[in-house]
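This is structure-v4.csv. It holds CSV, C-alpha atoms.
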chain,number,residue,atom,x,y,z
A,1,MET,CA,120.5,176.2,233.5
A,2,GLY,CA,118.2,173.2,232.9
A,3,PRO,CA,119.4,169.6,232.5
A,4,LEU,CA,118.9,169.7,228.8
A,5,ASP,CA,120.5,173.0,228.2
A,6,GLY,CA,124.0,173.4,227.0
A,7,TYR,CA,126.1,171.9,224.3
A,8,PHE,CA,126.3,168.3,225.6
A,9,GLY,CA,122.8,168.1,227.2
A,10,VAL,CA,120.9,168.7,223.9
A,11,ARG,CA,123.0,166.0,222.3
A,12,GLY,CA,122.3,163.4,224.9
A,13,LEU,CA,125.9,163.4,226.0
A,14,HIS,CA,125.2,164.2,229.6
A,15,PHE,CA,128.3,162.4,230.9
A,16,LEU,CA,130.5,165.0,229.2
A,17,GLY,CA,128.7,168.0,230.8
A,18,THR,CA,130.0,169.9,233.8
A,19,ARG,CA,127.2,168.5,236.0
A,20,GLY,CA,127.2,164.9,234.6
A,21,ALA,CA,126.6,162.2,237.1
A,22,ALA,CA,126.4,158.4,236.9
A,23,THR,CA,123.6,156.4,238.6
A,24,GLY,CA,125.1,154.3,241.5
A,25,LEU,CA,128.4,156.2,241.5
A,26,THR,CA,127.8,160.0,241.7
A,27,TRP,CA,124.0,159.8,241.9
A,28,PRO,CA,122.6,158.3,245.0
A,29,TRP,CA,120.3,155.7,243.5
A,30,GLY,CA,121.8,152.3,242.7
A,31,GLY,CA,120.5,149.1,241.1
A,32,PHE,CA,120.0,146.8,244.1
A,33,ALA,CA,116.5,148.0,244.9
A,34,GLN,CA,113.0,147.4,243.5
A,35,TYR,CA,112.6,151.1,242.7
A,36,ALA,CA,114.9,154.1,242.0
A,37,VAL,CA,114.4,157.8,241.4
A,38,MET,CA,115.7,158.9,238.0
A,39,LYS,CA,115.7,162.0,235.9
A,40,GLY,CA,113.2,161.6,233.1
A,41,TYR,CA,115.6,162.8,230.4
A,42,ALA,CA,118.0,160.0,231.4
A,43,THR,CA,115.6,157.2,230.9
A,44,VAL,CA,114.5,155.3,227.8
A,45,LYS,CA,111.5,152.9,227.9
A,46,MET,CA,112.5,149.3,227.2
A,47,PRO,CA,110.5,147.4,224.6
A,48,ASP,CA,108.0,144.8,226.0
A,49,ASN,CA,109.7,142.1,223.9
A,50,LEU,CA,113.0,142.5,225.8
A,51,THR,CA,113.4,140.4,229.0
A,52,PHE,CA,114.8,142.0,232.2
A,53,ARG,CA,117.8,139.7,231.8
A,54,GLN,CA,118.5,141.3,228.4
A,55,GLY,CA,117.6,144.8,229.7
A,56,ALA,CA,120.3,144.5,232.5
A,57,LEU,CA,122.9,144.3,229.7
A,58,VAL,CA,121.8,147.2,227.6
A,59,GLU,CA,124.0,149.7,229.3
A,60,PRO,CA,127.4,147.8,228.9
A,61,ALA,CA,126.3,146.7,225.4
A,62,ALA,CA,125.9,150.4,224.5
A,63,VAL,CA,129.5,151.0,225.6
A,64,ALA,CA,130.7,148.3,223.3
A,65,VAL,CA,128.5,149.4,220.3
A,66,THR,CA,129.7,153.0,220.7
A,67,ALA,CA,133.3,151.9,220.6
A,68,ILE,CA,132.7,149.9,217.4
A,69,ASP,CA,131.0,152.9,215.9
A,70,ARG,CA,133.9,155.1,216.7
A,71,SER,CA,136.4,152.6,215.3
A,72,GLY,CA,135.0,153.0,211.8
A,73,LEU,CA,134.7,149.2,211.4
A,74,VAL,CA,132.8,148.2,208.3
A,75,PRO,CA,131.4,144.9,207.1
A,76,GLY,CA,134.3,142.7,206.0
A,77,GLY,CA,136.8,144.5,208.2
A,78,SER,CA,139.1,143.2,210.9
A,79,VAL,CA,139.4,144.2,214.5
A,80,LEU,CA,141.6,143.4,217.5
A,81,ILE,CA,140.1,143.6,221.0
A,82,THR,CA,142.4,143.6,224.0
A,83,GLY,CA,140.9,142.3,227.3
A,84,GLY,CA,138.4,139.4,227.6
A,85,GLY,CA,136.2,140.7,230.4
A,86,PRO,CA,132.5,141.6,230.0
A,87,ILE,CA,133.2,144.8,228.0
A,88,GLY,CA,135.7,142.9,225.8
A,89,ALA,CA,133.2,140.1,225.2
A,90,LEU,CA,130.4,142.5,224.4
A,91,THR,CA,132.7,144.3,222.0
A,92,ALA,CA,133.4,141.0,220.2
A,93,LEU,CA,129.6,140.5,219.9
A,94,ALA,CA,129.2,144.1,218.7
A,95,ALA,CA,132.0,143.7,216.1
A,96,HIS,CA,130.3,140.5,214.8
A,97,ALA,CA,127.0,142.4,214.6
A,98,ALA,CA,128.7,145.1,212.6
A,99,GLY,CA,129.9,142.6,210.0
A,100,ALA,CA,133.5,142.1,211.0
A,101,ALA,CA,135.1,139.3,209.0
A,102,ARG,CA,138.0,138.8,211.4
A,103,ILE,CA,137.8,139.3,215.2
A,104,PHE,CA,140.9,138.8,217.3
A,105,LEU,CA,140.8,139.0,221.0
A,106,SER,CA,143.9,139.2,223.3
A,107,GLU,CA,143.5,137.8,226.8
A,108,PRO,CA,146.2,136.3,229.1
A,109,ASN,CA,143.6,134.3,231.2
A,110,ALA,CA,143.2,130.9,229.5
A,111,ALA,CA,139.8,130.3,231.1
A,112,ARG,CA,138.5,133.6,229.8
A,113,ARG,CA,139.9,132.8,226.3
A,114,ARG,CA,137.9,129.6,226.3
A,115,ARG,CA,134.8,131.4,227.5
A,116,ILE,CA,135.2,133.9,224.7
A,117,GLU,CA,135.6,131.1,222.1
A,118,ASN,CA,132.2,129.7,223.3
A,119,LEU,CA,130.2,133.0,222.8
A,120,GLY,CA,128.8,131.7,219.6
A,121,VAL,CA,130.6,134.1,217.2
A,122,PRO,CA,133.9,133.5,215.3
A,123,VAL,CA,136.7,134.9,217.4
A,124,THR,CA,140.4,134.1,217.2
A,125,THR,CA,141.9,134.4,220.8
A,126,ILE,CA,145.5,135.1,221.4
A,127,ASP,CA,147.6,134.9,224.6
A,128,PRO,CA,149.7,138.1,224.6
A,129,THR,CA,152.2,136.7,227.1
A,130,GLN,CA,153.3,133.8,224.8
A,131,SER,CA,153.9,135.7,221.5
A,132,SER,CA,154.2,139.1,220.0
A,133,LEU,CA,150.6,140.3,219.5
A,134,ALA,CA,151.5,142.5,216.6
A,135,SER,CA,153.3,139.6,214.8
A,136,SER,CA,150.3,137.3,215.4
A,137,ILE,CA,148.0,139.9,213.9
A,138,THR,CA,150.1,140.7,210.8
A,139,ARG,CA,150.3,137.0,210.0
A,140,GLU,CA,146.5,136.8,209.8
A,141,THR,CA,145.6,140.0,208.0
A,142,PHE,CA,145.6,141.1,204.4
A,143,GLU,CA,149.1,141.6,203.0
A,144,GLY,CA,150.3,141.5,206.6
A,145,LEU,CA,149.2,145.1,207.1
A,146,GLY,CA,147.4,144.6,210.5
A,147,CYS,CA,143.8,145.2,211.6
A,148,ASP,CA,141.5,147.9,210.4
A,149,ALA,CA,140.7,148.8,214.0
A,150,ALA,CA,141.7,147.9,217.6
A,151,ILE,CA,139.6,148.3,220.7
A,152,GLU,CA,141.4,148.4,224.1
A,153,CYS,CA,139.2,147.1,226.9
A,154,ALA,CA,141.7,146.1,229.6
A,155,GLY,CA,143.0,149.5,230.8
A,156,ASN,CA,146.5,148.0,230.4
A,157,PRO,CA,149.4,150.2,229.2
A,158,ARG,CA,151.0,147.2,227.3
A,159,ALA,CA,147.7,146.5,225.6
A,160,ILE,CA,147.5,150.1,224.4
A,161,SER,CA,150.9,149.7,222.9
A,162,ASP,CA,149.9,146.4,221.3
A,163,CYS,CA,146.8,148.0,219.8
A,164,LEU,CA,148.8,150.8,218.2
A,165,SER,CA,151.3,148.2,216.8
A,166,ALA,CA,148.6,145.9,215.5
A,167,VAL,CA,146.6,148.3,213.3
A,168,ARG,CA,147.3,149.0,209.7
A,169,PRO,CA,148.2,152.4,208.3
A,170,GLN,CA,145.1,154.6,208.6
A,171,GLY,CA,143.8,152.3,211.2
A,172,THR,CA,141.9,153.4,214.3
A,173,VAL,CA,142.6,152.6,218.0
A,174,VAL,CA,139.7,153.1,220.4
A,175,LEU,CA,140.4,153.3,224.2
A,176,ILE,CA,137.6,152.0,226.5
A,177,GLY,CA,139.7,150.5,229.4
A,178,LEU,CA,140.4,153.0,232.1
A,179,THR,CA,143.9,153.5,233.5
A,180,ASN,CA,145.9,156.2,235.3
A,181,SER,CA,149.2,154.7,234.2
A,182,LYS,CA,151.4,156.6,231.7
A,183,VAL,CA,151.8,155.1,228.3
A,184,GLU,CA,154.8,155.9,226.0
A,185,ILE,CA,153.5,156.8,222.5
A,186,SER,CA,155.5,157.8,219.5
A,187,PRO,CA,153.8,160.7,217.8
A,188,PHE,CA,156.1,160.2,214.8
A,189,ASP,CA,154.7,156.6,214.3
A,190,LEU,CA,151.1,157.9,214.6
A,191,ILE,CA,151.8,160.6,212.0
A,192,VAL,CA,153.7,158.6,209.4
A,193,ARG,CA,151.1,155.7,209.6
A,194,ASP,CA,148.2,158.1,209.7
A,195,ILE,CA,146.8,156.5,212.8
A,196,ARG,CA,143.7,157.7,214.6
A,197,LEU,CA,143.7,157.4,218.4
A,198,GLN,CA,140.2,157.7,219.8
A,199,GLY,CA,138.9,157.8,223.4
A,200,SER,CA,135.4,156.4,224.1
A,201,LEU,CA,133.5,157.1,227.2
A,202,CYS,CA,129.9,155.9,227.6
A,203,TYR,CA,127.4,156.6,224.8
A,204,PRO,CA,124.8,159.1,223.7
A,205,THR,CA,121.4,158.3,225.3
A,206,SER,CA,119.9,158.3,221.7
A,207,LEU,CA,121.8,155.1,221.1
A,208,TRP,CA,119.7,152.9,223.4
A,209,PRO,CA,116.8,152.3,221.0
A,210,ARG,CA,119.3,151.0,218.5
A,211,VAL,CA,120.8,148.7,221.1
A,212,PHE,CA,117.3,147.5,221.9
A,213,SER,CA,116.7,146.6,218.3
A,214,MET,CA,120.1,144.8,218.0
A,215,ILE,CA,119.2,142.6,221.0
A,216,GLU,CA,115.6,142.0,219.9
A,217,SER,CA,116.7,140.9,216.4
A,218,GLY,CA,119.2,138.4,217.8
A,219,ARG,CA,122.1,140.4,216.2
A,220,LEU,CA,123.5,141.1,219.7
A,221,PRO,CA,123.1,137.9,221.8
A,222,VAL,CA,123.9,139.5,225.2
A,223,ASP,CA,122.3,136.6,227.1
A,224,GLN,CA,125.5,134.7,226.4
A,225,LEU,CA,127.3,136.7,229.0
A,226,VAL,CA,124.9,135.9,231.9
A,227,ASP,CA,126.4,133.2,234.2
A,228,ALA,CA,123.8,133.1,236.9
A,229,VAL,CA,120.9,134.9,238.5
A,230,ILE,CA,121.1,135.1,242.3
A,231,SER,CA,119.2,136.5,245.2
A,232,LEU,CA,120.3,139.6,247.1
A,233,ASP,CA,121.4,137.6,250.1
A,234,GLN,CA,123.8,135.7,247.9
A,235,LEU,CA,125.4,138.8,246.5
A,236,VAL,CA,128.8,138.5,248.2
A,237,GLU,CA,129.3,134.7,248.1
A,238,LYS,CA,127.9,134.0,244.7
A,239,GLY,CA,128.2,137.4,243.1
A,240,PHE,CA,131.2,139.6,244.0
A,241,GLU,CA,133.6,136.8,245.0
A,242,PRO,CA,133.3,134.7,241.8
A,243,LEU,CA,133.7,137.9,239.7
A,244,LEU,CA,136.8,139.0,241.7
A,245,ASP,CA,138.5,135.6,241.1
A,246,PRO,CA,141.5,136.4,238.9
A,247,GLY,CA,141.4,133.0,237.4
A,248,GLY,CA,137.7,132.8,237.0
A,249,THR,CA,135.5,132.9,233.9
A,250,LYS,CA,132.4,134.7,235.1
A,251,MET,CA,131.1,137.6,233.0
A,252,LYS,CA,127.8,138.8,234.4
A,253,ILE,CA,125.9,137.7,237.5
A,254,LEU,CA,122.5,139.2,237.9
A,255,VAL,CA,120.5,139.8,241.0
A,256,ASP,CA,116.8,139.0,241.1
A,257,LEU,CA,115.3,141.1,243.9
A,258,ASN,CA,112.2,139.0,244.0
A,259,ALA,CA,114.1,135.7,244.5

Could you render the structure as structure tokens?
Amino acid sequence: MGPLDGYFGVRGLHFLGTRGAATGLTWPWGGFAQYAVMKGYATVKMPDNLTFRQGALVEPAAVAVTAIDRSGLVPGGSVLITGGGPIGALTALAAHAAGAARIFLSEPNAARRRRIENLGVPVTTIDPTQSSLASSITRETFEGLGCDAAIECAGNPRAISDCLSAVRPQGTVVLIGLTNSKVEISPFDLIVRDIRLQGSLCYPTSLWPRVFSMIESGRLPVDQLVDAVISLDQLVEKGFEPLLDPGGTKMKILVDLNA
């Protein structure tokens, strides 16, 4: 069977296929090299108007845009995002690009909350350790019903529960954050409130041209997430270590192989 055969292959959903592989994880070629060998069907030519700095953020931006698509968010809608890391920040930018009127973002790290507030889009940040997230959301939404959608980006069981509590009846909760922890969910609550619970892994490869256009037009200012561009010999000290700092604010640190 060829790489484009099968139900998922012809739909550009290679990650769902039985032989799906991720570059740098289950495929031997990573990103810290001047060249890499790739399958042709898994590549999309980047427009000349995009910078390499922007191009480096297309993949995580596609994750965020896909989650917003799957949430059913429409212009004028409201959304809760849990987790203020790079994917949470990109999801806030994607929600704004989709026309969200109210964007709430839950993040316990005060430094990250400040960073999110300075992304250049209107976001209301909330510390979930200081107050009930669901109560905070209902106070700020139409008739106290809750958000139209919630996107969970932290992989935190408590955050998943918060998302389910914070959406209105017929709302949608999308799960991006990965966790192996068990989460207690009330099927009765989901049924009587008509809630949709949606997983979201990766994106169809057909989405990339749309993400290119969003970035080119300025609708998705991914540059806001880049903290620094470093050389390869600085990777540990100025790359991994700042990103692993639990109290840090760094979102994306890029490596220039020609530096």

Around the point (112.5, 150.2, 225.8) (coordinates from the file), which residues reach within 12 Å if we count all atoms listed in the file? Answer as a ChimeraX atom specification.
/A:43-52,54-56,58,206-213,215-216

Nearest to A:Ala134 among A:Ile87, A:Val173, A:Ala94, A:Leu80, with distances taken over only C-alpha atoms: which residue is it?
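Using only C-alpha atoms, A:Ala134 sits closest to A:Leu80.
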
For A:Leu235, which of A:Leu220, A:Ala259, A:Val63, A:Ile81 is the closest residue, counting only C-alpha atoms?
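Ranking A:Leu220, A:Ala259, A:Val63, A:Ile81 by distance to A:Leu235, first place goes to A:Ala259.
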
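Of note, atom CA of A:Gly40 and atom CA of A:Ala62 are spaced 19.0 Å apart.
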
Using all atoms listed in the file, find the one residue out of A:Val79, A:Val123, A:Ala110, A:Leu57 that sits nearest to A:Ala166.
A:Val79

When you draw a straight line from atom CA of A:Pro169 to atom CA of A:Gly155, how long is it in Å?
23.3 Å

Please, what distance in Å, to one decimal, runs between atom CA of A:Ser200 and atom CA of A:Ala159?
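Result for atom CA of A:Ser200 versus atom CA of A:Ala159: 15.9 Å, one decimal.
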
Smallest atom-to-atom distance to A:Ile68: which of A:Asp148, A:Glu140, A:Glu117, A:Asp127, using only C-alpha atoms?
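Ranked by minimum distance to A:Ile68, first place goes to A:Asp148.
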
Please provide the set of residues having any atom within 7 Å of stretch 185-199 of chain A, restricted to only C-alpha atoms, with same-chain residues fewer than 6 positions apart removed, written as a ChimeraX atom specification.
/A:169-176

Of the candidates A:His96, A:Lys182, A:Lys252, A:Arg113, which one gets nearest to A:Pro60 if we count only C-alpha atoms?
A:Lys252

Shell around A:Ile253 at 12 Å using all atoms listed in the file, local window under 4 positions removed, as a CSV table (one decimal) with C-alpha atoms, in the frame of the given file:
chain,number,residue,atom,x,y,z
A,53,ARG,CA,117.8,139.7,231.8
A,56,ALA,CA,120.3,144.5,232.5
A,57,LEU,CA,122.9,144.3,229.7
A,86,PRO,CA,132.5,141.6,230.0
A,223,ASP,CA,122.3,136.6,227.1
A,224,GLN,CA,125.5,134.7,226.4
A,225,LEU,CA,127.3,136.7,229.0
A,226,VAL,CA,124.9,135.9,231.9
A,227,ASP,CA,126.4,133.2,234.2
A,228,ALA,CA,123.8,133.1,236.9
A,229,VAL,CA,120.9,134.9,238.5
A,230,ILE,CA,121.1,135.1,242.3
A,231,SER,CA,119.2,136.5,245.2
A,232,LEU,CA,120.3,139.6,247.1
A,234,GLN,CA,123.8,135.7,247.9
A,235,LEU,CA,125.4,138.8,246.5
A,236,VAL,CA,128.8,138.5,248.2
A,237,GLU,CA,129.3,134.7,248.1
A,238,LYS,CA,127.9,134.0,244.7
A,239,GLY,CA,128.2,137.4,243.1
A,240,PHE,CA,131.2,139.6,244.0
A,241,GLU,CA,133.6,136.8,245.0
A,242,PRO,CA,133.3,134.7,241.8
A,243,LEU,CA,133.7,137.9,239.7
A,244,LEU,CA,136.8,139.0,241.7
A,249,THR,CA,135.5,132.9,233.9

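You can rank A:Ala111, A:Ala33, A:Val65, A:Met214 by their closest distance to A:Leu201 using only C-alpha atoms, and at the top of that list sits A:Val65.
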
Identify, on the basis of all atoms listed in the file, every residue whose closest approach to A:Arg102 does not exceed 8 Å; exclude the query and any residue fewer than 4 positions from it along the same chain; express the result as a list in words.
Gly76, Gly77, Ser78, Val79, Pro122, Val123 and Thr124 of chain A

Each side padded by 3 Å, which centre and which edge lengths in Å (one decimal) define the axis-aligned box around the listed atoms of stretch 10-24 of chain A? Give them as lines of an AutoDock Vina configuration file.
center_x = 125.7
center_y = 162.1
center_z = 231.9
size_x = 15.6
size_y = 21.6
size_z = 25.2
